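Q: To be precise about what I am sending: the file is called target-v4.txt and holds compact mmCIF, C-alpha atoms and all ligand atoms.
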```txt
# COMPACT_ATOMS: atom_id res chain seq x y z
CA MET L 17 165.72 129.60 90.23
CA ALA L 18 162.57 128.79 88.27
CA MET L 19 160.63 125.81 89.64
CA SER L 20 159.79 123.20 87.01
CA GLU L 21 156.08 122.28 86.60
CA PRO L 22 155.20 118.86 88.06
CA ARG L 23 154.60 116.58 85.07
CA LEU L 24 151.74 114.11 84.92
CA HIS L 25 152.11 110.83 83.15
CA PRO L 26 149.78 110.83 80.10
CA ALA L 27 148.00 107.75 81.56
CA GLU L 28 147.19 109.76 84.71
CA VAL L 29 145.79 112.59 82.59
CA LEU L 30 143.59 110.13 80.67
CA ARG L 31 142.41 108.51 83.91
CA PHE L 32 141.53 111.95 85.28
CA TYR L 33 139.48 112.72 82.16
CA ALA L 34 137.74 109.32 82.18
CA GLU L 35 136.81 109.65 85.86
CA ASN L 36 135.23 112.99 85.05
CA GLY L 37 133.17 111.66 82.18
CA VAL L 38 135.44 112.74 79.32
CA ASP L 39 136.14 109.44 77.65
CA ILE L 40 135.87 110.32 74.01
CA ALA L 41 137.96 112.82 72.03
CA LEU L 42 136.00 114.68 69.39
CA ALA L 43 137.33 118.19 69.05
CA GLU L 44 139.86 120.56 70.57
CA THR L 45 137.21 123.15 71.34
CA ALA L 46 133.77 122.57 72.80
CA PRO L 47 131.02 123.32 70.28
CA ASN L 48 128.10 125.42 71.50
CA ARG L 49 125.27 122.98 70.74
CA LEU L 50 122.70 125.20 72.38
CA ALA L 51 123.16 127.95 69.80
CA GLU L 52 120.35 127.77 67.25
CA PRO L 53 121.99 126.47 64.07
CA ALA L 54 120.46 126.90 60.61
CA THR L 55 120.88 123.16 60.06
CA VAL L 56 122.68 120.41 61.89
CA ALA L 57 124.80 119.83 58.81
CA GLU L 58 125.94 123.47 58.73
CA THR L 59 126.75 123.43 62.42
CA SER L 60 128.85 120.33 62.24
CA ARG L 61 130.72 121.82 59.31
CA SER L 62 131.39 125.17 60.97
CA GLU L 63 132.30 123.58 64.28
CA ALA L 64 134.50 120.83 62.86
CA PRO L 65 137.82 120.59 64.73
CA LYS L 66 140.68 122.29 62.93
CA PRO L 67 143.79 120.16 62.58
CA PHE L 68 146.60 121.57 64.70
CA GLY L 69 148.67 124.03 62.63
CA ALA L 70 146.24 123.87 59.70
CA PRO L 71 146.03 126.85 57.33
CA PRO L 72 143.07 129.26 57.73
CA ALA L 73 139.71 127.84 56.67
CA ALA L 74 139.49 129.98 53.51
CA THR L 75 142.59 128.35 52.01
CA ARG L 76 141.68 124.79 53.01
CA PRO L 77 139.69 122.58 50.65
CA GLN L 78 136.20 122.01 52.10
CA ALA L 79 135.52 118.51 50.77
CA PRO L 80 133.51 116.44 53.26
CA PRO L 81 135.17 113.29 54.53
CA ARG L 82 134.42 110.18 52.50
CA ASN L 83 131.48 108.06 53.72
CA PHE L 84 130.08 111.08 55.59
CA THR L 85 126.29 111.31 55.45
CA PRO L 86 125.30 114.75 56.74
CA PRO L 87 122.44 114.52 59.22
CA ALA L 88 119.15 115.95 57.98
CA ALA L 89 118.11 119.44 59.12
CA PRO L 90 116.22 119.19 62.44
CA GLU L 91 112.76 119.81 61.00
CA ALA L 92 113.34 117.21 58.28
CA ALA L 93 114.83 114.80 60.84
CA ILE L 94 111.84 115.25 63.16
CA ARG L 95 109.49 114.65 60.22
CA ASP L 96 111.41 111.53 59.12
CA ALA L 97 111.48 110.25 62.70
CA GLY L 98 107.72 110.75 62.98
CA GLN L 99 107.07 108.84 59.76
CA LEU L 100 109.44 105.98 60.56
CA ALA L 101 108.04 105.65 64.06
CA ALA L 102 104.42 105.74 62.89
CA ASN L 103 105.12 103.04 60.30
CA ALA L 104 106.47 100.67 62.96
CA LYS L 105 103.67 98.32 63.95
CA THR L 106 105.64 96.35 66.55
CA LEU L 107 108.50 97.06 68.96
CA ASP L 108 110.81 94.95 66.77
CA GLU L 109 109.91 97.11 63.77
CA LEU L 110 110.49 100.22 65.85
CA ARG L 111 113.93 99.00 66.89
CA ALA L 112 114.77 98.29 63.22
CA ALA L 113 113.46 101.75 62.26
CA LEU L 114 115.73 103.38 64.85
CA GLU L 115 118.67 101.37 63.63
CA SER L 116 118.09 102.57 60.08
CA PHE L 117 117.51 106.22 61.07
CA GLU L 118 120.34 108.64 60.21
CA GLY L 119 118.72 111.89 61.31
CA CYS L 120 120.38 112.19 64.72
CA SER L 121 124.10 112.94 64.77
CA LEU L 122 124.48 111.22 68.17
CA LYS L 123 124.30 107.92 66.34
CA ALA L 124 127.63 108.66 64.64
CA THR L 125 129.55 108.80 67.92
CA ALA L 126 127.69 106.06 69.80
CA MET L 127 128.77 102.44 69.64
CA ARG L 128 125.29 100.92 69.96
CA THR L 129 121.64 101.82 69.65
CA VAL L 130 120.26 101.37 73.17
CA PHE L 131 116.64 100.45 72.56
CA ALA L 132 115.19 98.81 75.68
CA ASP L 133 115.52 96.18 78.35
CA GLY L 134 113.07 94.29 80.49
CA ASN L 135 109.64 92.99 79.70
CA PRO L 136 107.67 94.88 77.02
CA GLU L 137 104.50 93.22 78.35
CA ALA L 138 105.02 94.72 81.80
CA ARG L 139 102.39 97.01 83.34
CA ILE L 140 105.06 99.61 84.13
CA MET L 141 107.57 101.39 81.89
CA PHE L 142 110.56 103.43 83.08
CA VAL L 143 112.03 106.03 80.70
CA GLY L 144 115.40 107.66 81.44
CA GLU L 145 117.28 110.35 79.58
CA ALA L 146 120.11 108.82 77.53
CA PRO L 147 122.60 105.96 77.74
CA GLY L 148 125.98 106.39 79.42
CA ALA L 149 129.27 104.65 78.66
CA GLU L 150 128.34 101.24 80.09
CA GLU L 151 124.94 101.26 78.36
CA ASP L 152 126.65 102.19 75.08
CA ARG L 153 129.04 99.25 75.44
CA GLU L 154 126.30 96.73 76.31
CA GLY L 155 123.49 98.13 74.17
CA LEU L 156 121.09 98.06 77.17
CA PRO L 157 119.63 100.89 79.24
CA PHE L 158 120.51 101.45 82.88
CA VAL L 159 123.26 98.87 83.31
CA GLY L 160 125.95 101.21 84.72
CA ARG L 161 126.26 102.56 88.26
CA SER L 162 122.97 104.44 88.22
CA GLY L 163 121.29 101.46 86.58
CA LYS L 164 122.39 99.26 89.50
CA LEU L 165 120.74 101.74 91.85
CA LEU L 166 117.60 101.80 89.68
CA ASP L 167 117.50 97.98 89.94
CA ARG L 168 117.67 98.26 93.74
CA MET L 169 115.01 100.97 93.78
CA ILE L 170 112.53 98.98 91.72
CA GLY L 171 113.54 95.81 93.59
CA ALA L 172 112.43 97.51 96.82
CA ILE L 173 108.85 97.57 95.47
CA GLY L 174 108.97 94.03 94.17
CA LEU L 175 109.90 94.77 90.55
CA ASP L 176 112.76 93.62 88.38
CA ARG L 177 113.54 93.51 84.67
CA THR L 178 111.04 90.69 84.14
CA SER L 179 108.22 92.86 85.47
CA ALA L 180 109.27 96.28 84.17
CA TYR L 181 110.13 97.67 80.74
CA ILE L 182 113.00 100.18 80.54
CA ALA L 183 114.01 102.63 77.81
CA ASN L 184 115.39 106.14 77.30
CA ILE L 185 114.28 109.30 75.52
CA ILE L 186 117.52 109.22 73.51
CA PRO L 187 118.77 105.83 72.32
CA TRP L 188 122.36 106.93 71.58
CA ARG L 189 124.96 107.98 74.10
CA PRO L 190 125.82 111.67 73.88
CA PRO L 191 129.63 112.03 73.66
CA GLY L 192 131.24 112.39 77.07
CA ASN L 193 127.75 111.97 78.63
CA ARG L 194 126.91 115.57 77.82
CA THR L 195 123.30 116.67 78.16
CA PRO L 196 121.34 116.01 74.96
CA THR L 197 120.37 119.21 73.16
CA PRO L 198 116.69 120.17 72.82
CA GLN L 199 117.02 119.40 69.09
CA GLU L 200 118.33 115.90 69.76
CA SER L 201 115.48 115.25 72.18
CA ALA L 202 112.95 116.60 69.66
CA ILE L 203 114.36 114.34 66.93
CA CYS L 204 114.16 111.23 69.16
CA LEU L 205 110.79 112.07 70.73
CA PRO L 206 108.59 110.43 68.04
CA PHE L 207 110.43 107.14 68.60
CA ILE L 208 110.04 107.02 72.38
CA ARG L 209 106.42 108.14 72.14
CA ARG L 210 105.77 105.31 69.70
CA GLN L 211 107.65 102.91 71.99
CA VAL L 212 105.36 103.83 74.89
CA LYS L 213 102.31 103.43 72.65
CA LEU L 214 103.39 99.99 71.40
CA ALA L 215 104.43 98.73 74.86
CA ASP L 216 101.16 100.15 76.24
CA PRO L 217 102.00 100.10 79.97
CA ASP L 218 99.47 101.12 82.62
CA ILE L 219 102.03 103.31 84.39
CA LEU L 220 104.80 105.44 82.90
CA VAL L 221 107.68 106.48 85.17
CA CYS L 222 109.86 109.32 83.91
CA VAL L 223 113.27 108.79 85.46
CA GLY L 224 114.80 112.21 86.03
CA GLY L 225 113.82 115.76 85.11
CA PRO L 226 114.73 115.70 81.41
CA SER L 227 112.56 112.64 80.81
CA ALA L 228 109.63 114.29 82.63
CA THR L 229 109.96 117.62 80.83
CA THR L 230 110.24 115.89 77.44
CA LEU L 231 107.52 113.24 77.74
CA LEU L 232 105.12 114.98 80.08
CA GLU L 233 105.85 118.46 78.69
CA LEU L 234 106.34 119.82 82.21
CA LYS L 235 107.88 123.23 82.70
CA GLU L 236 108.87 122.84 86.37
CA GLY L 237 111.98 121.03 87.60
CA ILE L 238 112.06 117.53 89.06
CA THR L 239 112.07 118.71 92.69
CA ARG L 240 108.59 120.16 92.07
CA THR L 241 107.23 117.49 89.73
CA ARG L 242 108.47 114.27 91.40
CA GLY L 243 105.90 112.23 93.20
CA ARG L 244 102.90 113.87 91.49
CA TRP L 245 100.60 111.91 89.22
CA PHE L 246 100.06 113.13 85.69
CA GLU L 247 98.09 111.83 82.75
CA TYR L 248 99.99 110.64 79.69
CA ASP L 249 98.13 110.21 76.42
CA THR L 250 99.68 107.31 74.49
CA GLY L 251 97.55 108.14 71.46
CA THR L 252 95.34 105.15 72.21
CA ARG L 253 94.47 105.79 75.84
CA LYS L 254 95.37 107.91 78.85
CA ILE L 255 97.65 106.29 81.42
CA LYS L 256 99.10 107.35 84.77
CA ALA L 257 102.55 108.94 84.74
CA ILE L 258 104.89 110.01 87.49
CA ALA L 259 108.38 111.52 87.70
CA LEU L 260 111.08 109.99 89.89
CA PHE L 261 114.48 111.37 90.92
CA HIS L 262 117.16 109.99 88.60
CA PRO L 263 119.36 107.42 90.37
CA ALA L 264 122.47 109.30 89.18
CA TYR L 265 121.15 112.31 91.12
CA LEU L 266 120.45 110.15 94.17
CA LEU L 267 124.03 108.86 94.06
CA ARG L 268 125.18 112.47 94.31
CA SER L 269 122.47 113.55 96.77
CA PRO L 270 121.66 110.54 98.96
CA ALA L 271 119.59 112.73 101.30
CA HIS L 272 116.88 112.72 98.62
CA LYS L 273 116.53 108.93 98.72
CA ARG L 274 113.84 109.39 101.36
CA LEU L 275 111.66 111.30 98.86
CA ALA L 276 112.40 108.76 96.14
CA TRP L 277 111.26 106.02 98.52
CA GLN L 278 107.94 107.84 99.04
CA ASP L 279 107.50 108.01 95.26
CA LEU L 280 108.31 104.32 94.89
CA LEU L 281 105.67 103.48 97.49
CA ALA L 282 103.15 105.56 95.52
CA ILE L 283 104.09 103.60 92.40
CA ARG L 284 103.66 100.29 94.24
CA LYS L 285 100.23 101.40 95.46
CA ALA L 286 99.18 102.43 91.94
CA LEU L 287 100.33 99.07 90.58
CA SER L 288 98.24 97.22 93.14
CA ASN L 289 95.04 98.98 91.96
N1 LIG L 301 120.99 107.26 82.64
C1 LIG L 301 119.88 107.22 81.87
O1 LIG L 301 119.07 108.16 81.90
N2 LIG L 301 119.70 106.16 81.11
C2 LIG L 301 120.54 105.12 81.09
O2 LIG L 301 120.28 104.16 80.35
C3 LIG L 301 121.67 105.18 81.92
C4 LIG L 301 121.89 106.26 82.68
```
Could you express the structure from this file as structure tokens?
A:
Amino acid sequence: MAMSEPRLHPAEVLRFYAENGVDIALAETAPNRLAEPATVAETSRSEAPKPFGAPPAATRPQAPPRNFTPPAAPEAAIRDAGQLAANAKTLDELRAALESFEGCSLKATAMRTVFADGNPEARIMFVGEAPGAEEDREGLPFVGRSGKLLDRMIGAIGLDRTSAYIANIIPWRPPGNRTPTPQESAICLPFIRRQVKLADPDILVCVGGPSATTLLELKEGITRTRGRWFEYDTGTRKIKAIALFHPAYLLRSPAHKRLAWQDLLAIRKALSN
């Protein structure tokens, strides 16, 4: 006699997905965002989810949905981002510029623009990769589980959000917390570079490998680059920069907390100079 498949309650299936980071439904098939598209607009069109049971693409009308503003092609988006960022003379203007910018498709799926938290006058600035679900809900960087660990890490060297400024390379949450594509990072880079320039910290801490490779243009991975001092040119002056293990990584690999502690001590020493 054939055994019947055990059936899961739909709520259990959703809980399983949410616990594994899949908390937003966008398409039935995963788009390959690493493939080099001709333009972002073309990619989103060709990868758009097909309604279940829909006729073949050739027979379907191709009208774009109403109120849909196609994102600019990457080169145009990077150029626009550079101009908008350069025109911002203050951090408030930069935040407004980001909020008006439509060149990054991540903005369409995010709830909030996550600009910064902490004290923009601080001597030290931490830059992570991109907001997660909690950050997207609150509109603030590093407020979820890894943010709580980051607070404890900086607390251990006498810092908190009144004495540190915190931002991300990407200000919009990638759907399902996926890794931002190189194009998305390139589009957002002029904004974070301008943010560092306007905040003008003495020390820049890249939180996690992607932040270090993007801002410091490092080719090696975080296990090789963490704890080493680099020079970061803000455009006005050269400041000290260091890469730190991402707290999300330390939550998964607590054995590396010892190395992170060494790096935090190096940061404390640099701040006391
Ligand atoms: N991870 C990041 O890199 N940034 C956040 O704001 C939260 C998690």
Q: Figure out the distance between atom CA of Glu236 of chain L and atom N1 of ligand LIG 301 (chain L), please, to one decimal in Å.
A: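 A separation of 20.1 Å between them.
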Q: Mind working out the centre and edge lengths of an axis-aligned box for segment 275-278 of chain L, all listed atoms inside, 4 Å added to each side, rounded to one decimal in Å and written as AutoDock Vina command-line options?
A:
```
--center_x 110.2 --center_y 108.7 --center_z 97.6 --size_x 12.5 --size_y 13.3 --size_z 10.9
```
Q: Would you mind reading off the distance between atom CA of Gly237 of chain L and atom CA of Ile219 of chain L, one decimal, in Å?
A: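 It comes out at 20.6 Å.
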Q: So, counting only C-alpha atoms and all ligand atoms, which residue among L:Arg161, L:Arg168, L:His272, L:Arg240 is closest to ligand LIG 301 (chain L)?
A: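 Checking each candidate against ligand LIG 301 (chain L), we get L:Arg161 as the closest.
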Q: Give me, as a tab-separated table, the closest atom pair and its distance (Å, one decimal) for every residue of chain L within a cut-off of 6 Å of ligand LIG 301 (chain L), counting only C-alpha atoms and all ligand atoms, rows sorted by chain and rising number.
A:
```
residue	atom	partner	partner_atom	distance
L:Gly144	CA	L:LIG301	O1	3.7
L:Glu145	CA	L:LIG301	O1	3.7
L:Ala146	CA	L:LIG301	N2	4.5
L:Pro147	CA	L:LIG301	O2	3.9
L:Gly148	CA	L:LIG301	C3	5.1
L:Glu151	CA	L:LIG301	O2	5.8
L:Pro157	CA	L:LIG301	O2	3.5
L:Phe158	CA	L:LIG301	O2	3.7
L:Ser162	CA	L:LIG301	C4	5.9
L:Gly163	CA	L:LIG301	C3	6.0
L:Asn184	CA	L:LIG301	N2	5.8
```
Q: Using only C-alpha atoms, which of L:Ile170, L:Leu156, L:Ala183, L:Leu24 sits nearest Val212 of chain L?
A: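 Smallest distance to Val212 of chain L is found for L:Ala183.
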Q: Could you list, as an MDAnalysis selection string, every residue within 12 Å of Asp133 of chain L, counting only C-alpha atoms and ignoring same-chain residues fewer than 3 positions away?
A: chainID L and resid 107 111 130 136:138 141:144 151 154:159 163 167 176:184 187 215
Q: Within 9 Å of segment 256-261 of chain L, counting all atoms listed in the file, which residues show up once you throw out same-chain ones fewer than 2 positions away? Write them as an NGL selection string, please.
A: :L and (218-225 or 227-228 or 232 or 238-239 or 241-249 or 254 or 263-266 or 272-273 or 275-276 or 279-280 or 283 or 286)
Q: Can you spit out the residues from that selection as a PDB file, keeping the file's coordinate frame, using C-alpha atoms?
A:
```pdb
ATOM      1  CA  ASP L 218      99.470 101.120  82.620  1.00  0.00           C
ATOM      2  CA  ILE L 219     102.030 103.310  84.390  1.00  0.00           C
ATOM      3  CA  LEU L 220     104.800 105.440  82.900  1.00  0.00           C
ATOM      4  CA  VAL L 221     107.680 106.480  85.170  1.00  0.00           C
ATOM      5  CA  CYS L 222     109.860 109.320  83.910  1.00  0.00           C
ATOM      6  CA  VAL L 223     113.270 108.790  85.460  1.00  0.00           C
ATOM      7  CA  GLY L 224     114.800 112.210  86.030  1.00  0.00           C
ATOM      8  CA  GLY L 225     113.820 115.760  85.110  1.00  0.00           C
ATOM      9  CA  SER L 227     112.560 112.640  80.810  1.00  0.00           C
ATOM     10  CA  ALA L 228     109.630 114.290  82.630  1.00  0.00           C
ATOM     11  CA  LEU L 232     105.120 114.980  80.080  1.00  0.00           C
ATOM     12  CA  ILE L 238     112.060 117.530  89.060  1.00  0.00           C
ATOM     13  CA  THR L 239     112.070 118.710  92.690  1.00  0.00           C
ATOM     14  CA  THR L 241     107.230 117.490  89.730  1.00  0.00           C
ATOM     15  CA  ARG L 242     108.470 114.270  91.400  1.00  0.00           C
ATOM     16  CA  GLY L 243     105.900 112.230  93.200  1.00  0.00           C
ATOM     17  CA  ARG L 244     102.900 113.870  91.490  1.00  0.00           C
ATOM     18  CA  TRP L 245     100.600 111.910  89.220  1.00  0.00           C
ATOM     19  CA  PHE L 246     100.060 113.130  85.690  1.00  0.00           C
ATOM     20  CA  GLU L 247      98.090 111.830  82.750  1.00  0.00           C
ATOM     21  CA  TYR L 248      99.990 110.640  79.690  1.00  0.00           C
ATOM     22  CA  ASP L 249      98.130 110.210  76.420  1.00  0.00           C
ATOM     23  CA  LYS L 254      95.370 107.910  78.850  1.00  0.00           C
ATOM     24  CA  PRO L 263     119.360 107.420  90.370  1.00  0.00           C
ATOM     25  CA  ALA L 264     122.470 109.300  89.180  1.00  0.00           C
ATOM     26  CA  TYR L 265     121.150 112.310  91.120  1.00  0.00           C
ATOM     27  CA  LEU L 266     120.450 110.150  94.170  1.00  0.00           C
ATOM     28  CA  HIS L 272     116.880 112.720  98.620  1.00  0.00           C
ATOM     29  CA  LYS L 273     116.530 108.930  98.720  1.00  0.00           C
ATOM     30  CA  LEU L 275     111.660 111.300  98.860  1.00  0.00           C
ATOM     31  CA  ALA L 276     112.400 108.760  96.140  1.00  0.00           C
ATOM     32  CA  ASP L 279     107.500 108.010  95.260  1.00  0.00           C
ATOM     33  CA  LEU L 280     108.310 104.320  94.890  1.00  0.00           C
ATOM     34  CA  ILE L 283     104.090 103.600  92.400  1.00  0.00           C
ATOM     35  CA  ALA L 286      99.180 102.430  91.940  1.00  0.00           C
TER      36      ALA L 286
END
```
Q: Using all atoms listed in the file, pick whichever of L:Ile94, L:Ala104, L:Ala149, L:Leu214 has the shortest atom-to-atom distance to Thr250 of chain L.
A: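 Of the candidates, the smallest distance to Thr250 of chain L is held by L:Leu214.
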